[in-house]
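Have a look at upload-v2.pdb; it's PDB, N, CA and C atoms and all ligand atoms:
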```pdb
MODEL        1
ATOM      1  N   MET A   1      27.006 -27.244 -39.183  1.00  0.00           N
ATOM      2  CA  MET A   1      27.658 -28.538 -39.367  1.00  0.00           C
ATOM      3  C   MET A   1      26.960 -29.594 -38.508  1.00  0.00           C
ATOM      4  N   VAL A   2      26.669 -30.713 -39.100  1.00  0.00           N
ATOM      5  CA  VAL A   2      25.993 -31.786 -38.379  1.00  0.00           C
ATOM      6  C   VAL A   2      27.039 -32.740 -37.820  1.00  0.00           C
ATOM      7  N   ARG A   3      26.953 -32.996 -36.521  1.00  0.00           N
ATOM      8  CA  ARG A   3      27.955 -33.834 -35.861  1.00  0.00           C
ATOM      9  C   ARG A   3      27.467 -35.252 -35.637  1.00  0.00           C
ATOM     10  N   GLY A   4      26.172 -35.477 -35.901  1.00  0.00           N
ATOM     11  CA  GLY A   4      25.618 -36.792 -35.628  1.00  0.00           C
ATOM     12  C   GLY A   4      24.363 -36.649 -34.798  1.00  0.00           C
ATOM     13  N   LYS A   5      23.906 -37.731 -34.254  1.00  0.00           N
ATOM     14  CA  LYS A   5      22.672 -37.681 -33.478  1.00  0.00           C
ATOM     15  C   LYS A   5      22.969 -37.536 -31.998  1.00  0.00           C
ATOM     16  N   THR A   6      22.104 -36.808 -31.352  1.00  0.00           N
ATOM     17  CA  THR A   6      22.259 -36.643 -29.913  1.00  0.00           C
ATOM     18  C   THR A   6      20.885 -36.569 -29.272  1.00  0.00           C
ATOM     19  N   TRP A   7      20.880 -36.503 -27.960  1.00  0.00           N
ATOM     20  CA  TRP A   7      19.620 -36.471 -27.222  1.00  0.00           C
ATOM     21  C   TRP A   7      19.237 -35.054 -26.868  1.00  0.00           C
ATOM     22  N   PHE A   8      17.967 -34.793 -26.975  1.00  0.00           N
ATOM     23  CA  PHE A   8      17.434 -33.485 -26.612  1.00  0.00           C
ATOM     24  C   PHE A   8      16.323 -33.685 -25.597  1.00  0.00           C
ATOM     25  N   ARG A   9      16.184 -32.704 -24.726  1.00  0.00           N
ATOM     26  CA  ARG A   9      15.125 -32.762 -23.735  1.00  0.00           C
ATOM     27  C   ARG A   9      14.288 -31.506 -23.883  1.00  0.00           C
ATOM     28  N   CYS A  10      12.994 -31.702 -24.002  1.00  0.00           N
ATOM     29  CA  CYS A  10      12.083 -30.582 -24.183  1.00  0.00           C
ATOM     30  C   CYS A  10      11.944 -29.806 -22.875  1.00  0.00           C
ATOM     31  N   SER A  11      12.048 -28.488 -22.978  1.00  0.00           N
ATOM     32  CA  SER A  11      11.934 -27.659 -21.781  1.00  0.00           C
ATOM     33  C   SER A  11      10.477 -27.456 -21.390  1.00  0.00           C
ATOM     34  N   CYS A  12       9.558 -27.797 -22.297  1.00  0.00           N
ATOM     35  CA  CYS A  12       8.137 -27.607 -22.017  1.00  0.00           C
ATOM     36  C   CYS A  12       7.515 -28.839 -21.355  1.00  0.00           C
ATOM     37  N   CYS A  13       7.673 -30.001 -22.002  1.00  0.00           N
ATOM     38  CA  CYS A  13       6.994 -31.191 -21.497  1.00  0.00           C
ATOM     39  C   CYS A  13       7.966 -32.231 -20.938  1.00  0.00           C
ATOM     40  N   GLY A  14       9.264 -31.989 -21.092  1.00  0.00           N
ATOM     41  CA  GLY A  14      10.231 -32.927 -20.546  1.00  0.00           C
ATOM     42  C   GLY A  14      10.480 -34.146 -21.405  1.00  0.00           C
ATOM     43  N   HIS A  15       9.875 -34.169 -22.579  1.00  0.00           N
ATOM     44  CA  HIS A  15      10.052 -35.299 -23.491  1.00  0.00           C
ATOM     45  C   HIS A  15      11.494 -35.365 -23.989  1.00  0.00           C
ATOM     46  N   VAL A  16      12.072 -36.568 -23.949  1.00  0.00           N
ATOM     47  CA  VAL A  16      13.434 -36.759 -24.424  1.00  0.00           C
ATOM     48  C   VAL A  16      13.378 -37.403 -25.796  1.00  0.00           C
ATOM     49  N   PHE A  17      14.051 -36.807 -26.747  1.00  0.00           N
ATOM     50  CA  PHE A  17      14.024 -37.334 -28.104  1.00  0.00           C
ATOM     51  C   PHE A  17      15.396 -37.230 -28.747  1.00  0.00           C
ATOM     52  N   GLU A  18      15.565 -38.047 -29.778  1.00  0.00           N
ATOM     53  CA  GLU A  18      16.823 -38.095 -30.493  1.00  0.00           C
ATOM     54  C   GLU A  18      16.706 -37.247 -31.741  1.00  0.00           C
ATOM     55  N   ALA A  19      17.706 -36.422 -31.999  1.00  0.00           N
ATOM     56  CA  ALA A  19      17.665 -35.586 -33.192  1.00  0.00           C
ATOM     57  C   ALA A  19      19.086 -35.294 -33.650  1.00  0.00           C
ATOM     58  N   TRP A  20      19.195 -34.730 -34.836  1.00  0.00           N
ATOM     59  CA  TRP A  20      20.509 -34.382 -35.348  1.00  0.00           C
ATOM     60  C   TRP A  20      21.109 -33.262 -34.534  1.00  0.00           C
ATOM     61  N   ASP A  21      22.379 -33.427 -34.238  1.00  0.00           N
ATOM     62  CA  ASP A  21      23.109 -32.431 -33.456  1.00  0.00           C
ATOM     63  C   ASP A  21      23.754 -31.455 -34.432  1.00  0.00           C
ATOM     64  N   ILE A  22      23.193 -30.272 -34.518  1.00  0.00           N
ATOM     65  CA  ILE A  22      23.695 -29.266 -35.453  1.00  0.00           C
ATOM     66  C   ILE A  22      24.368 -28.145 -34.676  1.00  0.00           C
ATOM     67  N   GLU A  23      25.561 -27.822 -35.048  1.00  0.00           N
ATOM     68  CA  GLU A  23      26.304 -26.777 -34.350  1.00  0.00           C
ATOM     69  C   GLU A  23      25.666 -25.416 -34.583  1.00  0.00           C
ATOM     70  N   ASP A  24      25.599 -24.646 -33.515  1.00  0.00           N
ATOM     71  CA  ASP A  24      25.022 -23.321 -33.583  1.00  0.00           C
ATOM     72  C   ASP A  24      26.119 -22.325 -33.957  1.00  0.00           C
ATOM     73  N   ASN A  25      26.120 -21.889 -35.204  1.00  0.00           N
ATOM     74  CA  ASN A  25      27.121 -20.933 -35.698  1.00  0.00           C
ATOM     75  C   ASN A  25      28.544 -21.375 -35.391  1.00  0.00           C
ATOM     76  N   ALA A  26      28.807 -22.645 -35.625  1.00  0.00           N
ATOM     77  CA  ALA A  26      30.144 -23.211 -35.459  1.00  0.00           C
ATOM     78  C   ALA A  26      30.674 -23.093 -34.033  1.00  0.00           C
ATOM     79  N   THR A  27      29.781 -23.075 -33.067  1.00  0.00           N
ATOM     80  CA  THR A  27      30.213 -23.104 -31.678  1.00  0.00           C
ATOM     81  C   THR A  27      30.033 -24.521 -31.155  1.00  0.00           C
ATOM     82  N   VAL A  28      30.374 -24.728 -29.908  1.00  0.00           N
ATOM     83  CA  VAL A  28      30.208 -26.068 -29.335  1.00  0.00           C
ATOM     84  C   VAL A  28      28.771 -26.322 -28.928  1.00  0.00           C
ATOM     85  N   PHE A  29      27.962 -25.270 -28.948  1.00  0.00           N
ATOM     86  CA  PHE A  29      26.583 -25.424 -28.517  1.00  0.00           C
ATOM     87  C   PHE A  29      25.717 -25.994 -29.632  1.00  0.00           C
ATOM     88  N   SER A  30      24.732 -26.774 -29.246  1.00  0.00           N
ATOM     89  CA  SER A  30      23.843 -27.376 -30.218  1.00  0.00           C
ATOM     90  C   SER A  30      22.621 -26.496 -30.425  1.00  0.00           C
ATOM     91  N   MET A  31      22.118 -26.539 -31.627  1.00  0.00           N
ATOM     92  CA  MET A  31      20.902 -25.807 -31.940  1.00  0.00           C
ATOM     93  C   MET A  31      19.730 -26.461 -31.214  1.00  0.00           C
ATOM     94  N   PRO A  32      18.857 -25.668 -30.615  1.00  0.00           N
ATOM     95  CA  PRO A  32      17.661 -26.265 -30.009  1.00  0.00           C
ATOM     96  C   PRO A  32      16.790 -26.887 -31.095  1.00  0.00           C
ATOM     97  N   MET A  33      16.238 -28.048 -30.784  1.00  0.00           N
ATOM     98  CA  MET A  33      15.390 -28.730 -31.759  1.00  0.00           C
ATOM     99  C   MET A  33      13.939 -28.694 -31.290  1.00  0.00           C
ATOM    100  N   THR A  34      13.036 -28.749 -32.255  1.00  0.00           N
ATOM    101  CA  THR A  34      11.616 -28.703 -31.916  1.00  0.00           C
ATOM    102  C   THR A  34      11.160 -30.048 -31.367  1.00  0.00           C
ATOM    103  N   CYS A  35      10.468 -30.006 -30.260  1.00  0.00           N
ATOM    104  CA  CYS A  35       9.940 -31.213 -29.639  1.00  0.00           C
ATOM    105  C   CYS A  35       8.874 -31.842 -30.537  1.00  0.00           C
ATOM    106  N   PRO A  36       8.997 -33.144 -30.833  1.00  0.00           N
ATOM    107  CA  PRO A  36       8.004 -33.798 -31.681  1.00  0.00           C
ATOM    108  C   PRO A  36       6.658 -33.981 -30.994  1.00  0.00           C
ATOM    109  N   LYS A  37       6.640 -33.806 -29.689  1.00  0.00           N
ATOM    110  CA  LYS A  37       5.401 -34.019 -28.933  1.00  0.00           C
ATOM    111  C   LYS A  37       4.560 -32.764 -28.823  1.00  0.00           C
ATOM    112  N   CYS A  38       5.204 -31.670 -28.372  1.00  0.00           N
ATOM    113  CA  CYS A  38       4.412 -30.467 -28.091  1.00  0.00           C
ATOM    114  C   CYS A  38       4.850 -29.266 -28.919  1.00  0.00           C
ATOM    115  N   GLY A  39       5.952 -29.398 -29.678  1.00  0.00           N
ATOM    116  CA  GLY A  39       6.395 -28.290 -30.499  1.00  0.00           C
ATOM    117  C   GLY A  39       7.238 -27.279 -29.750  1.00  0.00           C
ATOM    118  N   GLY A  40       7.549 -27.579 -28.482  1.00  0.00           N
ATOM    119  CA  GLY A  40       8.378 -26.691 -27.686  1.00  0.00           C
ATOM    120  C   GLY A  40       9.841 -26.851 -28.056  1.00  0.00           C
ATOM    121  N   LYS A  41      10.680 -26.113 -27.368  1.00  0.00           N
ATOM    122  CA  LYS A  41      12.104 -26.168 -27.681  1.00  0.00           C
ATOM    123  C   LYS A  41      12.798 -27.236 -26.852  1.00  0.00           C
ATOM    124  N   GLY A  42      13.538 -28.085 -27.560  1.00  0.00           N
ATOM    125  CA  GLY A  42      14.296 -29.120 -26.887  1.00  0.00           C
ATOM    126  C   GLY A  42      15.769 -28.780 -26.909  1.00  0.00           C
ATOM    127  N   TYR A  43      16.425 -28.941 -25.773  1.00  0.00           N
ATOM    128  CA  TYR A  43      17.841 -28.606 -25.680  1.00  0.00           C
ATOM    129  C   TYR A  43      18.676 -29.862 -25.531  1.00  0.00           C
ATOM    130  N   ALA A  44      19.842 -29.832 -26.161  1.00  0.00           N
ATOM    131  CA  ALA A  44      20.714 -31.009 -26.147  1.00  0.00           C
ATOM    132  C   ALA A  44      21.138 -31.338 -24.728  1.00  0.00           C
ATOM    133  N   ILE A  45      21.052 -32.601 -24.406  1.00  0.00           N
ATOM    134  CA  ILE A  45      21.494 -33.042 -23.082  1.00  0.00           C
ATOM    135  C   ILE A  45      22.771 -33.859 -23.181  1.00  0.00           C
ATOM    136  N   GLY A  46      23.263 -34.076 -24.386  1.00  0.00           N
ATOM    137  CA  GLY A  46      24.544 -34.755 -24.520  1.00  0.00           C
ATOM    138  C   GLY A  46      24.599 -35.662 -25.727  1.00  0.00           C
ATOM    139  N   PRO A  47      25.805 -35.995 -26.131  1.00  0.00           N
ATOM    140  CA  PRO A  47      25.960 -36.874 -27.289  1.00  0.00           C
ATOM    141  C   PRO A  47      25.670 -38.319 -26.929  1.00  0.00           C
ATOM    142  N   GLN A  48      25.529 -39.124 -27.931  1.00  0.00           N
ATOM    143  CA  GLN A  48      25.343 -40.548 -27.687  1.00  0.00           C
ATOM    144  C   GLN A  48      26.623 -41.084 -27.071  1.00  0.00           C
ATOM    145  N   GLY A  49      26.469 -42.058 -26.234  1.00  0.00           N
ATOM    146  CA  GLY A  49      27.639 -42.611 -25.555  1.00  0.00           C
ATOM    147  C   GLY A  49      27.309 -42.839 -24.106  1.00  0.00           C
ATOM    148  N   LEU A  50      28.032 -42.162 -23.248  1.00  0.00           N
ATOM    149  CA  LEU A  50      27.811 -42.326 -21.807  1.00  0.00           C
ATOM    150  C   LEU A  50      26.379 -41.968 -21.435  1.00  0.00           C
ATOM    151  N   LEU A  51      25.918 -40.816 -21.965  1.00  0.00           N
ATOM    152  CA  LEU A  51      24.578 -40.371 -21.609  1.00  0.00           C
ATOM    153  C   LEU A  51      23.516 -41.285 -22.184  1.00  0.00           C
ATOM    154  N   ARG A  52      23.830 -41.857 -23.320  1.00  0.00           N
ATOM    155  CA  ARG A  52      22.869 -42.758 -23.958  1.00  0.00           C
ATOM    156  C   ARG A  52      22.560 -43.925 -23.024  1.00  0.00           C
ATOM    157  N   ARG A  53      23.605 -44.414 -22.359  1.00  0.00           N
ATOM    158  CA  ARG A  53      23.414 -45.544 -21.450  1.00  0.00           C
ATOM    159  C   ARG A  53      22.505 -45.142 -20.290  1.00  0.00           C
ATOM    160  N   ILE A  54      22.683 -43.917 -19.821  1.00  0.00           N
ATOM    161  CA  ILE A  54      21.849 -43.431 -18.711  1.00  0.00           C
ATOM    162  C   ILE A  54      20.403 -43.282 -19.187  1.00  0.00           C
ATOM    163  N   VAL A  55      20.242 -42.700 -20.365  1.00  0.00           N
ATOM    164  CA  VAL A  55      18.899 -42.499 -20.916  1.00  0.00           C
ATOM    165  C   VAL A  55      18.229 -43.843 -21.164  1.00  0.00           C
ATOM    166  N   ASP A  56      18.996 -44.793 -21.688  1.00  0.00           N
ATOM    167  CA  ASP A  56      18.445 -46.128 -21.928  1.00  0.00           C
ATOM    168  C   ASP A  56      17.961 -46.756 -20.634  1.00  0.00           C
ATOM    169  N   LYS A  57      18.695 -46.514 -19.561  1.00  0.00           N
ATOM    170  CA  LYS A  57      18.306 -47.053 -18.257  1.00  0.00           C
ATOM    171  C   LYS A  57      16.992 -46.435 -17.799  1.00  0.00           C
ATOM    172  N   ILE A  58      16.871 -45.129 -18.027  1.00  0.00           N
ATOM    173  CA  ILE A  58      15.647 -44.432 -17.637  1.00  0.00           C
ATOM    174  C   ILE A  58      14.469 -44.965 -18.453  1.00  0.00           C
ATOM    175  N   PHE A  59      14.682 -45.154 -19.747  1.00  0.00           N
ATOM    176  CA  PHE A  59      13.631 -45.671 -20.606  1.00  0.00           C
ATOM    177  C   PHE A  59      13.235 -47.083 -20.189  1.00  0.00           C
ATOM    178  N   ALA A  60      14.233 -47.885 -19.832  1.00  0.00           N
ATOM    179  CA  ALA A  60      13.975 -49.255 -19.402  1.00  0.00           C
ATOM    180  C   ALA A  60      13.162 -49.248 -18.114  1.00  0.00           C
ATOM    181  N   MET A  61      13.461 -48.310 -17.234  1.00  0.00           N
ATOM    182  CA  MET A  61      12.722 -48.204 -15.967  1.00  0.00           C
ATOM    183  C   MET A  61      11.285 -47.780 -16.219  1.00  0.00           C
ATOM    184  N   LEU A  62      11.096 -46.881 -17.186  1.00  0.00           N
ATOM    185  CA  LEU A  62       9.755 -46.382 -17.483  1.00  0.00           C
ATOM    186  C   LEU A  62       8.889 -47.470 -18.122  1.00  0.00           C
ATOM    187  N   LYS A  63       9.528 -48.345 -18.872  1.00  0.00           N
ATOM    188  CA  LYS A  63       8.778 -49.408 -19.551  1.00  0.00           C
ATOM    189  C   LYS A  63       8.281 -50.462 -18.564  1.00  0.00           C
ATOM    190  N   ASN A  64       9.038 -50.675 -17.504  1.00  0.00           N
ATOM    191  CA  ASN A  64       8.688 -51.706 -16.525  1.00  0.00           C
ATOM    192  C   ASN A  64       7.593 -51.241 -15.562  1.00  0.00           C
TER     193      ASN A  64
HETATM  194 ZN    ZN B 101       7.670 -31.070 -25.547  1.00  0.00          ZN
ENDMDL
END
```

What does this structure look like when you write it as C-alpha cells?
Ligand SMILES: [Zn+2]
Amino acid sequence: MVRGKTWFRCSCCGHVFEAWDIEDNATVFSMPMTCPKCGGKGYAIGPQGLLRRIVDKIFAMLKN
C-alpha cells in the first residue's frame, strides 16, 4: 500500500531523496528504496511534515 511520498536516506552514500512510501507487508515499516545516485539501499527517515522542514533547512544550508 502506498501512503504517499516520504524521505529516504541512502545507507551507502548518505544521499537523501524523496520516494514513494510503500508499506512493507502491511507493517508500519517502509520498503527500502533504491538510491538514485549510487544504487544502494535507502531507508525511510520519516514522512513529509516535521522532518521535511528539517531536511529543507539542511538543503538550504548546503546551497549557501
Ligand atoms: Zn546512495

Within 9 Å of ligand ZN 101 (chain B): each chain A residue with its shortest pair, only C-alpha atoms and all ligand atoms, as CSV:
```
residue,atom,partner,partner_atom,distance
A:Arg9,CA,B:ZN101,ZN,7.9
A:Cys10,CA,B:ZN101,ZN,4.6
A:Ser11,CA,B:ZN101,ZN,6.6
A:Cys12,CA,B:ZN101,ZN,5.0
A:Cys13,CA,B:ZN101,ZN,4.1
A:Gly14,CA,B:ZN101,ZN,5.9
A:His15,CA,B:ZN101,ZN,5.3
A:Val16,CA,B:ZN101,ZN,8.2
A:Thr34,CA,B:ZN101,ZN,7.9
A:Cys35,CA,B:ZN101,ZN,4.7
A:Pro36,CA,B:ZN101,ZN,6.7
A:Lys37,CA,B:ZN101,ZN,5.0
A:Cys38,CA,B:ZN101,ZN,4.2
A:Gly39,CA,B:ZN101,ZN,5.8
A:Gly40,CA,B:ZN101,ZN,4.9
A:Lys41,CA,B:ZN101,ZN,6.9
A:Gly42,CA,B:ZN101,ZN,7.0
```

Could you turn the residues from that selection into a file that holds N, CA and C atoms, as a short mmCIF file (atom, residue, chain, number, x, y, z; two decimals), keeping the file's coordinate frame?
```
data_model
loop_
_atom_site.label_atom_id
_atom_site.label_comp_id
_atom_site.auth_asym_id
_atom_site.auth_seq_id
_atom_site.Cartn_x
_atom_site.Cartn_y
_atom_site.Cartn_z
N ARG A 9 16.18 -32.70 -24.73
CA ARG A 9 15.12 -32.76 -23.74
C ARG A 9 14.29 -31.51 -23.88
N CYS A 10 12.99 -31.70 -24.00
CA CYS A 10 12.08 -30.58 -24.18
C CYS A 10 11.94 -29.81 -22.88
N SER A 11 12.05 -28.49 -22.98
CA SER A 11 11.93 -27.66 -21.78
C SER A 11 10.48 -27.46 -21.39
N CYS A 12 9.56 -27.80 -22.30
CA CYS A 12 8.14 -27.61 -22.02
C CYS A 12 7.52 -28.84 -21.36
N CYS A 13 7.67 -30.00 -22.00
CA CYS A 13 6.99 -31.19 -21.50
C CYS A 13 7.97 -32.23 -20.94
N GLY A 14 9.26 -31.99 -21.09
CA GLY A 14 10.23 -32.93 -20.55
C GLY A 14 10.48 -34.15 -21.40
N HIS A 15 9.88 -34.17 -22.58
CA HIS A 15 10.05 -35.30 -23.49
C HIS A 15 11.49 -35.36 -23.99
N VAL A 16 12.07 -36.57 -23.95
CA VAL A 16 13.43 -36.76 -24.42
C VAL A 16 13.38 -37.40 -25.80
N THR A 34 13.04 -28.75 -32.26
CA THR A 34 11.62 -28.70 -31.92
C THR A 34 11.16 -30.05 -31.37
N CYS A 35 10.47 -30.01 -30.26
CA CYS A 35 9.94 -31.21 -29.64
C CYS A 35 8.87 -31.84 -30.54
N PRO A 36 9.00 -33.14 -30.83
CA PRO A 36 8.00 -33.80 -31.68
C PRO A 36 6.66 -33.98 -30.99
N LYS A 37 6.64 -33.81 -29.69
CA LYS A 37 5.40 -34.02 -28.93
C LYS A 37 4.56 -32.76 -28.82
N CYS A 38 5.20 -31.67 -28.37
CA CYS A 38 4.41 -30.47 -28.09
C CYS A 38 4.85 -29.27 -28.92
N GLY A 39 5.95 -29.40 -29.68
CA GLY A 39 6.40 -28.29 -30.50
C GLY A 39 7.24 -27.28 -29.75
N GLY A 40 7.55 -27.58 -28.48
CA GLY A 40 8.38 -26.69 -27.69
C GLY A 40 9.84 -26.85 -28.06
N LYS A 41 10.68 -26.11 -27.37
CA LYS A 41 12.10 -26.17 -27.68
C LYS A 41 12.80 -27.24 -26.85
N GLY A 42 13.54 -28.08 -27.56
CA GLY A 42 14.30 -29.12 -26.89
C GLY A 42 15.77 -28.78 -26.91
#
```

Separation of atom CA of A:Asn64 from atom CA of A:Gly4, in Å and rounded to one decimal: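 We find that atom CA of A:Asn64 and atom CA of A:Gly4 lie 29.6 Å from each other.
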
Atom-to-atom span, atom CA of A:Glu23 and atom C of A:Ile45, Å: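 Between these atoms lies a distance of 13.7 Å.
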
Residues near A:Glu18, cut-off 6.5 Å, only N, CA and C atoms, skip fewer than 2 positions along chain, as a list in words: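 These residues fall inside the cut-off: Lys5, Thr6, Trp7, Phe8, Val16 and Trp20 of chain A.
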
For the selection just defined, write its residues with N, CA and C atoms to a file, as a PDB file, keeping the file's coordinate frame.
```
ATOM      1  N   LYS A   5      23.906 -37.731 -34.254  1.00  0.00           N
ATOM      2  CA  LYS A   5      22.672 -37.681 -33.478  1.00  0.00           C
ATOM      3  C   LYS A   5      22.969 -37.536 -31.998  1.00  0.00           C
ATOM      4  N   THR A   6      22.104 -36.808 -31.352  1.00  0.00           N
ATOM      5  CA  THR A   6      22.259 -36.643 -29.913  1.00  0.00           C
ATOM      6  C   THR A   6      20.885 -36.569 -29.272  1.00  0.00           C
ATOM      7  N   TRP A   7      20.880 -36.503 -27.960  1.00  0.00           N
ATOM      8  CA  TRP A   7      19.620 -36.471 -27.222  1.00  0.00           C
ATOM      9  C   TRP A   7      19.237 -35.054 -26.868  1.00  0.00           C
ATOM     10  N   PHE A   8      17.967 -34.793 -26.975  1.00  0.00           N
ATOM     11  CA  PHE A   8      17.434 -33.485 -26.612  1.00  0.00           C
ATOM     12  C   PHE A   8      16.323 -33.685 -25.597  1.00  0.00           C
ATOM     13  N   VAL A  16      12.072 -36.568 -23.949  1.00  0.00           N
ATOM     14  CA  VAL A  16      13.434 -36.759 -24.424  1.00  0.00           C
ATOM     15  C   VAL A  16      13.378 -37.403 -25.796  1.00  0.00           C
ATOM     16  N   TRP A  20      19.195 -34.730 -34.836  1.00  0.00           N
ATOM     17  CA  TRP A  20      20.509 -34.382 -35.348  1.00  0.00           C
ATOM     18  C   TRP A  20      21.109 -33.262 -34.534  1.00  0.00           C
TER      19      TRP A  20
END
```

Atomic separation - atom N of A:Phe17 relative to atom CA of A:Lys57, Å: 14.0 Å
